[in-house]
Each structure stands twice: as structure tokens, then as C-alpha cells.
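S.K.: data.cif is reproduced in full below (mmCIF, N, CA and C atoms).
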```
data_target
loop_
_atom_site.label_atom_id
_atom_site.label_comp_id
_atom_site.auth_asym_id
_atom_site.auth_seq_id
_atom_site.Cartn_x
_atom_site.Cartn_y
_atom_site.Cartn_z
N MET T 478 106.48 86.79 97.33
CA MET T 478 105.61 87.77 97.98
C MET T 478 105.31 88.89 96.99
N ASP T 479 104.10 89.44 97.11
CA ASP T 479 103.75 90.63 96.35
C ASP T 479 102.91 91.54 97.26
N LEU T 480 102.62 92.73 96.79
CA LEU T 480 101.92 93.72 97.62
C LEU T 480 100.49 93.31 97.97
N SER T 481 99.89 92.45 97.16
CA SER T 481 98.51 92.06 97.45
C SER T 481 98.39 91.35 98.80
N SER T 482 99.47 90.78 99.27
CA SER T 482 99.42 90.11 100.58
C SER T 482 99.57 91.10 101.74
N LEU T 483 99.77 92.36 101.41
CA LEU T 483 99.96 93.38 102.44
C LEU T 483 98.85 94.43 102.46
N LYS T 484 97.70 94.07 101.91
CA LYS T 484 96.56 94.98 101.92
C LYS T 484 95.98 95.08 103.33
N ALA T 485 95.61 96.29 103.69
CA ALA T 485 94.96 96.49 105.00
C ALA T 485 93.56 95.90 104.96
N SER T 486 93.20 95.21 106.00
CA SER T 486 91.88 94.60 106.11
C SER T 486 90.80 95.68 106.22
N GLN T 487 89.69 95.44 105.57
CA GLN T 487 88.54 96.34 105.69
C GLN T 487 87.60 95.86 106.79
N GLU T 488 87.98 94.79 107.45
CA GLU T 488 87.18 94.24 108.54
C GLU T 488 87.70 94.75 109.88
N ALA T 489 86.81 94.80 110.85
CA ALA T 489 87.20 95.25 112.19
C ALA T 489 88.20 94.28 112.80
N GLN T 490 89.11 94.84 113.56
CA GLN T 490 90.09 94.06 114.30
C GLN T 490 89.91 94.36 115.79
N VAL T 491 90.36 93.46 116.62
CA VAL T 491 90.09 93.55 118.05
C VAL T 491 91.30 94.10 118.82
N LEU T 492 91.02 95.15 119.57
CA LEU T 492 91.99 95.73 120.50
C LEU T 492 91.71 95.17 121.88
N GLU T 493 92.73 94.57 122.49
CA GLU T 493 92.61 94.14 123.88
C GLU T 493 93.09 95.31 124.73
N LEU T 494 92.22 95.79 125.61
CA LEU T 494 92.57 96.94 126.44
C LEU T 494 93.62 96.57 127.48
N LEU T 495 94.54 97.49 127.67
CA LEU T 495 95.61 97.32 128.65
C LEU T 495 95.41 98.25 129.83
N HIS T 496 95.75 97.75 131.00
CA HIS T 496 95.68 98.55 132.22
C HIS T 496 96.58 99.77 132.03
N PRO T 497 96.07 100.98 132.29
CA PRO T 497 96.87 102.18 132.01
C PRO T 497 98.10 102.34 132.89
N ALA T 498 98.13 101.69 134.04
CA ALA T 498 99.27 101.84 134.94
C ALA T 498 100.32 100.75 134.78
N ASN T 499 99.87 99.50 134.56
CA ASN T 499 100.86 98.42 134.54
C ASN T 499 100.96 97.68 133.21
N GLY T 500 100.11 98.01 132.25
CA GLY T 500 100.21 97.44 130.91
C GLY T 500 99.69 96.02 130.75
N THR T 501 99.07 95.47 131.77
CA THR T 501 98.53 94.11 131.64
C THR T 501 97.16 94.16 130.95
N VAL T 502 96.80 93.07 130.30
CA VAL T 502 95.50 92.97 129.65
C VAL T 502 94.42 93.03 130.73
N ILE T 503 93.40 93.86 130.50
CA ILE T 503 92.30 93.99 131.45
C ILE T 503 91.30 92.88 131.18
N LYS T 504 90.94 92.15 132.24
CA LYS T 504 89.96 91.09 132.07
C LYS T 504 89.17 90.89 133.34
N ASP T 505 88.04 90.27 133.17
CA ASP T 505 87.14 89.95 134.27
C ASP T 505 86.99 88.43 134.29
N SER T 506 86.98 87.85 135.47
CA SER T 506 86.90 86.39 135.56
C SER T 506 85.62 85.84 134.93
N GLU T 507 84.57 86.61 134.94
CA GLU T 507 83.29 86.15 134.39
C GLU T 507 83.12 86.51 132.91
N PHE T 508 83.57 87.69 132.51
CA PHE T 508 83.29 88.20 131.17
C PHE T 508 84.49 88.18 130.23
N GLY T 509 85.65 87.81 130.72
CA GLY T 509 86.81 87.68 129.86
C GLY T 509 87.55 88.99 129.62
N VAL T 510 88.34 89.00 128.56
CA VAL T 510 89.19 90.13 128.21
C VAL T 510 88.34 91.30 127.74
N PHE T 511 88.71 92.50 128.19
CA PHE T 511 88.02 93.71 127.73
C PHE T 511 88.55 94.05 126.35
N THR T 512 87.63 94.18 125.38
CA THR T 512 88.03 94.42 124.00
C THR T 512 87.17 95.52 123.35
N ILE T 513 87.75 96.09 122.31
CA ILE T 513 87.02 97.01 121.44
C ILE T 513 87.36 96.61 120.01
N SER T 514 86.33 96.43 119.18
CA SER T 514 86.52 96.08 117.77
C SER T 514 86.48 97.36 116.94
N LEU T 515 87.52 97.52 116.10
CA LEU T 515 87.71 98.78 115.39
C LEU T 515 88.02 98.57 113.91
N LEU T 516 87.52 99.48 113.10
CA LEU T 516 87.90 99.53 111.70
C LEU T 516 89.17 100.36 111.57
N SER T 517 89.93 100.09 110.53
CA SER T 517 91.19 100.80 110.33
C SER T 517 90.98 102.21 109.79
N SER T 518 92.00 103.02 109.90
CA SER T 518 91.97 104.37 109.33
C SER T 518 92.03 104.32 107.81
N ASP T 519 92.20 103.14 107.24
CA ASP T 519 92.22 102.98 105.79
C ASP T 519 90.84 102.65 105.21
N THR T 520 89.85 102.48 106.06
CA THR T 520 88.52 102.15 105.56
C THR T 520 87.79 103.40 105.06
N ASN T 521 86.87 103.18 104.14
CA ASN T 521 86.06 104.29 103.64
C ASN T 521 85.25 104.93 104.76
N ASN T 522 84.80 104.12 105.71
CA ASN T 522 84.02 104.64 106.84
C ASN T 522 84.84 105.68 107.61
N TYR T 523 86.08 105.34 107.92
CA TYR T 523 86.95 106.27 108.66
C TYR T 523 87.22 107.52 107.83
N LYS T 524 87.56 107.33 106.57
CA LYS T 524 87.90 108.47 105.71
C LYS T 524 86.72 109.42 105.56
N SER T 525 85.53 108.87 105.44
CA SER T 525 84.32 109.68 105.33
C SER T 525 84.10 110.50 106.60
N GLU T 526 84.24 109.86 107.75
CA GLU T 526 84.06 110.57 109.02
C GLU T 526 85.15 111.62 109.24
N TYR T 527 86.36 111.29 108.84
CA TYR T 527 87.47 112.25 108.98
C TYR T 527 87.23 113.48 108.09
N GLU T 528 86.74 113.25 106.89
CA GLU T 528 86.45 114.36 105.98
C GLU T 528 85.36 115.26 106.56
N LYS T 529 84.34 114.67 107.17
CA LYS T 529 83.28 115.46 107.81
C LYS T 529 83.86 116.31 108.93
N LEU T 530 84.75 115.73 109.71
CA LEU T 530 85.39 116.45 110.81
C LEU T 530 86.22 117.63 110.29
N MET T 531 86.99 117.39 109.24
CA MET T 531 87.82 118.45 108.67
C MET T 531 86.98 119.55 108.02
N LYS T 532 85.89 119.15 107.37
CA LYS T 532 85.00 120.13 106.73
C LYS T 532 84.38 121.04 107.79
N ALA T 533 83.92 120.45 108.87
CA ALA T 533 83.34 121.25 109.96
C ALA T 533 84.36 122.22 110.53
N ALA T 534 85.59 121.76 110.68
CA ALA T 534 86.65 122.63 111.21
C ALA T 534 86.92 123.80 110.26
N ARG T 535 86.96 123.51 108.95
CA ARG T 535 87.19 124.57 107.96
C ARG T 535 86.04 125.58 107.96
N GLU T 536 84.83 125.08 108.03
CA GLU T 536 83.67 125.96 107.98
C GLU T 536 83.50 126.80 109.23
N SER T 537 84.04 126.34 110.33
CA SER T 537 83.90 127.09 111.59
C SER T 537 84.80 128.32 111.63
N LYS T 538 85.81 128.33 110.80
CA LYS T 538 86.76 129.45 110.72
C LYS T 538 87.31 129.82 112.10
N GLY T 539 87.63 128.79 112.87
CA GLY T 539 88.26 129.00 114.17
C GLY T 539 87.30 129.31 115.30
N THR T 540 86.00 129.16 115.09
CA THR T 540 85.04 129.48 116.15
C THR T 540 84.66 128.28 117.01
N ILE T 541 85.11 127.10 116.64
CA ILE T 541 84.79 125.90 117.41
C ILE T 541 85.80 125.76 118.56
N SER T 542 85.29 125.48 119.74
CA SER T 542 86.16 125.32 120.91
C SER T 542 86.94 124.01 120.82
N ALA T 543 88.01 123.94 121.57
CA ALA T 543 88.81 122.71 121.61
C ALA T 543 87.98 121.56 122.13
N ARG T 544 87.13 121.82 123.10
CA ARG T 544 86.27 120.76 123.68
C ARG T 544 85.30 120.23 122.62
N HIS T 545 84.73 121.12 121.82
CA HIS T 545 83.82 120.70 120.76
C HIS T 545 84.56 119.85 119.71
N SER T 546 85.77 120.27 119.36
CA SER T 546 86.57 119.51 118.40
C SER T 546 86.89 118.13 118.95
N GLU T 547 87.21 118.07 120.24
CA GLU T 547 87.51 116.79 120.88
C GLU T 547 86.28 115.88 120.85
N GLU T 548 85.11 116.46 121.11
CA GLU T 548 83.88 115.67 121.08
C GLU T 548 83.62 115.12 119.68
N LYS T 549 83.85 115.94 118.66
CA LYS T 549 83.66 115.49 117.27
C LYS T 549 84.63 114.36 116.93
N ALA T 550 85.85 114.46 117.43
CA ALA T 550 86.83 113.39 117.20
C ALA T 550 86.36 112.09 117.88
N CYS T 551 85.74 112.21 119.04
CA CYS T 551 85.21 111.02 119.73
C CYS T 551 84.04 110.42 118.96
N VAL T 552 83.23 111.25 118.34
CA VAL T 552 82.14 110.76 117.49
C VAL T 552 82.73 109.96 116.34
N MET T 553 83.79 110.49 115.74
CA MET T 553 84.44 109.81 114.63
C MET T 553 84.96 108.43 115.08
N LEU T 554 85.61 108.37 116.22
CA LEU T 554 86.10 107.09 116.74
C LEU T 554 84.94 106.13 117.00
N ALA T 555 83.86 106.65 117.55
CA ALA T 555 82.70 105.80 117.84
C ALA T 555 82.12 105.19 116.57
N LYS T 556 82.17 105.94 115.49
CA LYS T 556 81.60 105.46 114.24
C LYS T 556 82.45 104.39 113.55
N ILE T 557 83.71 104.24 113.97
CA ILE T 557 84.52 103.16 113.41
C ILE T 557 84.67 102.02 114.42
N THR T 558 83.94 102.13 115.53
CA THR T 558 83.91 101.07 116.53
C THR T 558 82.73 100.17 116.18
N THR T 559 82.99 98.87 116.11
CA THR T 559 81.93 97.95 115.70
C THR T 559 81.44 97.03 116.82
N GLY T 560 82.09 97.08 117.96
CA GLY T 560 81.67 96.25 119.08
C GLY T 560 82.60 96.41 120.25
N CYS T 561 82.20 95.87 121.39
CA CYS T 561 83.06 95.95 122.58
C CYS T 561 82.66 94.90 123.60
N ASN T 562 83.57 94.60 124.48
CA ASN T 562 83.33 93.77 125.66
C ASN T 562 83.99 94.50 126.82
N ILE T 563 83.21 95.38 127.44
CA ILE T 563 83.72 96.24 128.52
C ILE T 563 82.68 96.27 129.63
N ILE T 564 83.14 96.21 130.85
CA ILE T 564 82.25 96.37 132.00
C ILE T 564 82.63 97.69 132.65
N LEU T 565 81.71 98.64 132.67
CA LEU T 565 82.02 99.95 133.26
C LEU T 565 82.00 99.89 134.78
N ASP T 566 80.96 99.33 135.35
CA ASP T 566 80.85 99.25 136.80
C ASP T 566 80.07 98.00 137.16
N LYS T 567 80.79 96.96 137.52
CA LYS T 567 80.17 95.65 137.77
C LYS T 567 79.18 95.71 138.93
N LYS T 568 79.41 96.62 139.88
CA LYS T 568 78.49 96.74 141.01
C LYS T 568 77.14 97.28 140.57
N VAL T 569 77.14 98.12 139.52
CA VAL T 569 75.91 98.73 139.03
C VAL T 569 75.28 97.92 137.91
N ASP T 570 76.06 97.61 136.88
CA ASP T 570 75.51 97.00 135.67
C ASP T 570 75.46 95.49 135.70
N LYS T 571 76.44 94.86 136.28
CA LYS T 571 76.54 93.40 136.35
C LYS T 571 76.57 92.71 134.99
N LYS T 572 76.86 93.50 133.94
CA LYS T 572 76.97 92.94 132.59
C LYS T 572 77.79 93.91 131.75
N PRO T 573 78.29 93.44 130.60
CA PRO T 573 79.07 94.33 129.73
C PRO T 573 78.24 95.51 129.22
N LEU T 574 78.95 96.56 128.87
CA LEU T 574 78.34 97.74 128.28
C LEU T 574 77.56 97.34 127.04
N LYS T 575 76.33 97.83 126.92
CA LYS T 575 75.55 97.57 125.71
C LYS T 575 76.11 98.45 124.61
N PHE T 576 76.62 97.81 123.56
CA PHE T 576 77.27 98.54 122.49
C PHE T 576 76.30 99.41 121.71
N SER T 577 76.72 100.66 121.49
CA SER T 577 76.06 101.58 120.56
C SER T 577 77.06 102.66 120.23
N THR T 578 76.86 103.33 119.12
CA THR T 578 77.76 104.43 118.75
C THR T 578 77.72 105.51 119.82
N THR T 579 76.55 105.80 120.34
CA THR T 579 76.41 106.83 121.38
C THR T 579 77.15 106.43 122.65
N ALA T 580 76.99 105.17 123.07
CA ALA T 580 77.67 104.71 124.28
C ALA T 580 79.19 104.80 124.12
N MET T 581 79.68 104.46 122.94
CA MET T 581 81.13 104.52 122.70
C MET T 581 81.61 105.96 122.65
N LYS T 582 80.85 106.85 122.02
CA LYS T 582 81.23 108.27 121.99
C LYS T 582 81.32 108.81 123.41
N ASP T 583 80.33 108.48 124.24
CA ASP T 583 80.33 108.94 125.63
C ASP T 583 81.53 108.40 126.39
N LEU T 584 81.88 107.15 126.15
CA LEU T 584 83.04 106.54 126.80
C LEU T 584 84.33 107.22 126.35
N TYR T 585 84.50 107.41 125.05
CA TYR T 585 85.70 108.05 124.52
C TYR T 585 85.82 109.50 124.99
N PHE T 586 84.71 110.18 125.17
CA PHE T 586 84.71 111.59 125.52
C PHE T 586 84.84 111.81 127.04
N ASN T 587 84.64 110.77 127.82
CA ASN T 587 84.71 110.86 129.27
C ASN T 587 86.16 111.09 129.71
N PRO T 588 86.44 112.21 130.40
CA PRO T 588 87.82 112.50 130.79
C PRO T 588 88.43 111.46 131.74
N GLU T 589 87.60 110.68 132.41
CA GLU T 589 88.11 109.64 133.30
C GLU T 589 88.70 108.46 132.51
N TYR T 590 88.36 108.38 131.21
CA TYR T 590 88.82 107.28 130.37
C TYR T 590 89.65 107.75 129.18
N THR T 591 90.34 108.86 129.35
CA THR T 591 91.20 109.36 128.27
C THR T 591 92.22 108.31 127.87
N TRP T 592 92.71 107.55 128.82
CA TRP T 592 93.69 106.50 128.54
C TRP T 592 93.12 105.47 127.55
N LEU T 593 91.82 105.18 127.67
CA LEU T 593 91.19 104.21 126.78
C LEU T 593 91.15 104.78 125.36
N ARG T 594 90.73 106.02 125.22
CA ARG T 594 90.69 106.65 123.90
C ARG T 594 92.08 106.70 123.28
N GLU T 595 93.09 106.95 124.08
CA GLU T 595 94.47 106.97 123.57
C GLU T 595 94.87 105.61 123.03
N GLN T 596 94.45 104.54 123.69
CA GLN T 596 94.75 103.19 123.19
C GLN T 596 94.04 102.93 121.86
N VAL T 597 92.81 103.39 121.75
CA VAL T 597 92.05 103.23 120.50
C VAL T 597 92.74 103.98 119.37
N GLU T 598 93.11 105.23 119.64
CA GLU T 598 93.77 106.05 118.61
C GLU T 598 95.09 105.43 118.16
N ALA T 599 95.87 104.93 119.11
CA ALA T 599 97.15 104.30 118.77
C ALA T 599 96.92 103.02 117.95
N PHE T 600 95.91 102.26 118.31
CA PHE T 600 95.61 101.01 117.61
C PHE T 600 95.25 101.26 116.15
N ILE T 601 94.39 102.25 115.90
CA ILE T 601 93.98 102.48 114.51
C ILE T 601 95.09 103.13 113.68
N ARG T 602 96.02 103.82 114.33
CA ARG T 602 97.14 104.42 113.59
C ARG T 602 98.16 103.37 113.15
N ASP T 603 98.20 102.25 113.85
CA ASP T 603 99.18 101.19 113.55
C ASP T 603 98.59 100.25 112.49
N ARG T 604 98.97 100.45 111.24
CA ARG T 604 98.43 99.62 110.16
C ARG T 604 98.74 98.14 110.34
N GLY T 605 99.80 97.85 111.06
CA GLY T 605 100.14 96.46 111.30
C GLY T 605 99.01 95.69 111.99
N ASN T 606 98.15 96.40 112.72
CA ASN T 606 97.01 95.76 113.36
C ASN T 606 95.95 95.30 112.36
N PHE T 607 96.04 95.80 111.13
CA PHE T 607 95.01 95.53 110.14
C PHE T 607 95.54 94.79 108.90
N ILE T 608 96.81 94.38 108.96
CA ILE T 608 97.40 93.63 107.84
C ILE T 608 97.66 92.21 108.34
N LYS T 609 97.07 91.27 107.67
CA LYS T 609 97.23 89.87 108.06
C LYS T 609 98.63 89.40 107.63
N SER T 610 99.30 88.73 108.53
CA SER T 610 100.65 88.25 108.20
C SER T 610 100.66 86.79 107.83
#
```
Please, can you express the file's structure as C-alpha cells?

M.R.:
Amino acid sequence: MDLSSLKASQEAQVLELLHPANGTVIKDSEFGVFTISLLSSDTNNYKSEYEKLMKAARESKGTISARHSEEKACVMLAKITTGCNIILDKKVDKKPLKFSTTAMKDLYFNPEYTWLREQVEAFIRDRGNFIKS
């Protein structure tokens, strides 16, 4: 074995969403497992977005509200999201969420789905999710 076999993947990996109360994989009989495809925190895309977030925070000199900072963090997460298979409301949409950076930012920023954003954040922090064994 050598370190080259432990490089973090630069490709998106799939997070299977878990029910926030019981920990089971969320799935729909028609559309399958609910997933979000994410790039790792080791990718240039993530690092670039993180640097933008930190630069804005420095330049604000403490004038940015916590809510604004949270929204910017959700934008950053949305920009490292490459796809999803999620149904928000089957009674209304009858199909999976149409993926876009804006749709993902809105989902991550929605206080009703804080649990989902927490799963995304935990997934990207765990490098093991991005290293092929």
C-alpha cells in the first residue's frame, strides 16, 4: 500500500438521506432512495467557495447578520451539490425536485429541513466518503 491509494476523489459521491427521527434510509416506492450528490471539501470547487465566504466575512467587519452568514453557507453547499433525487411534496409535484443550485440553496436554507443540511455537512466533512477503499 502507498498513499496514492488514499487520495480523496474529486468526483461527486452520493449521500443517502436518513430519516431524522429513526435513522432509516428515506425512499419512495416509485422514485427510490432519496439522495444528494456532493463534492468533497477537498475539491477546488469547495475551497474556492469557502474562500469567497471567508473573504466576505472579513470584509464585513462584523456587520453581517448570522442569518446572512447562514444563507451564504447554504449557497456554498449548493455549489458543491451536483445532483439529487428528492421529492419535496408528492401531492403537489408528483416528481423529484428539479435540480439546480438555487433549488438546493433554498432547500438547505429552509429551517424546516435543517436536519437535511446537517446530514450534508457531516457527509462532506467525513473524508472517508470520498476515498475509495

S.K.: Taking the file as shown, find all residues satisfying the PyMOL selection byres (((chain T and resi 577-583 and name CA) around 8) and name CA) and write them as a ChimeraX atom specification.

M.R.: /T:548,551-552,554-556,558,560,575-576,584-587

S.K.: What gap, in Å, lies between CA of Ser518 (chain T) and CA of Ile601 (chain T)?

M.R.: 5.9 Å

S.K.: Using only C-alpha atoms, which of the listed residues (T:Leu515, T:Asp566, T:Pro497, T:Ser546) sits closest to Ala533 (chain T)?

M.R.: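 That would be T:Ser546, the residue with the smallest distance to Ala533 (chain T).
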
S.K.: Which of chain T end up as strand (DSSP E or B) when DSSP is run on this backbone - answer as a list in words?

M.R.: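 Taking chain T and keeping strand (DSSP E or B) only, one gets Ala485, Gln490, Val491, Leu492, Glu493, Leu495, Val502, Lys504, Asp505, Gly509, Val510, Thr512, Ile513, Ser514, Leu515, Thr558, Thr559, Gly560, Cys561, Asn562 and Ile608 of chain T.
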
S.K.: For the PyMOL selection byres ((chain T and resi 479-492) around 5), applied here, can you spell out every residue it catches as a tab-separated table (two decimals) with N, CA and C atoms, keeping the file's coordinate frame?

M.R.:
```tsv
chain	number	residue	atom	x	y	z
T	478	MET	N	106.48	86.79	97.33
T	478	MET	CA	105.61	87.77	97.98
T	478	MET	C	105.31	88.89	96.99
T	493	GLU	N	92.73	94.57	122.49
T	493	GLU	CA	92.61	94.14	123.88
T	493	GLU	C	93.09	95.31	124.73
T	494	LEU	N	92.22	95.79	125.61
T	494	LEU	CA	92.57	96.94	126.44
T	494	LEU	C	93.62	96.57	127.48
T	512	THR	N	87.63	94.18	125.38
T	512	THR	CA	88.03	94.42	124.00
T	512	THR	C	87.17	95.52	123.35
T	513	ILE	N	87.75	96.09	122.31
T	513	ILE	CA	87.02	97.01	121.44
T	513	ILE	C	87.36	96.61	120.01
T	514	SER	N	86.33	96.43	119.18
T	514	SER	CA	86.52	96.08	117.77
T	514	SER	C	86.48	97.36	116.94
T	515	LEU	N	87.52	97.52	116.10
T	515	LEU	CA	87.71	98.78	115.39
T	515	LEU	C	88.02	98.57	113.91
T	516	LEU	N	87.52	99.48	113.10
T	516	LEU	CA	87.90	99.53	111.70
T	516	LEU	C	89.17	100.36	111.57
T	607	PHE	N	96.04	95.80	111.13
T	607	PHE	CA	95.01	95.53	110.14
T	607	PHE	C	95.54	94.79	108.90
T	608	ILE	N	96.81	94.38	108.96
T	608	ILE	CA	97.40	93.63	107.84
T	608	ILE	C	97.66	92.21	108.34
```

S.K.: Would you please extract all helix (DSSP H, G or I) residues from chain T, as assigned by DSSP on the backbone, and give them as number ranges by chain?

M.R.: T: 480-483, 521-537, 543-556, 578-586, 588-602, 604-607

S.K.: Between CA of Tyr527 (chain T) and CA of Lys549 (chain T), what is the distance, to one decimal in Å?

M.R.: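 Taking CA of Tyr527 (chain T) as the start and CA of Lys549 (chain T) as the end point, the length is 9.7 Å.
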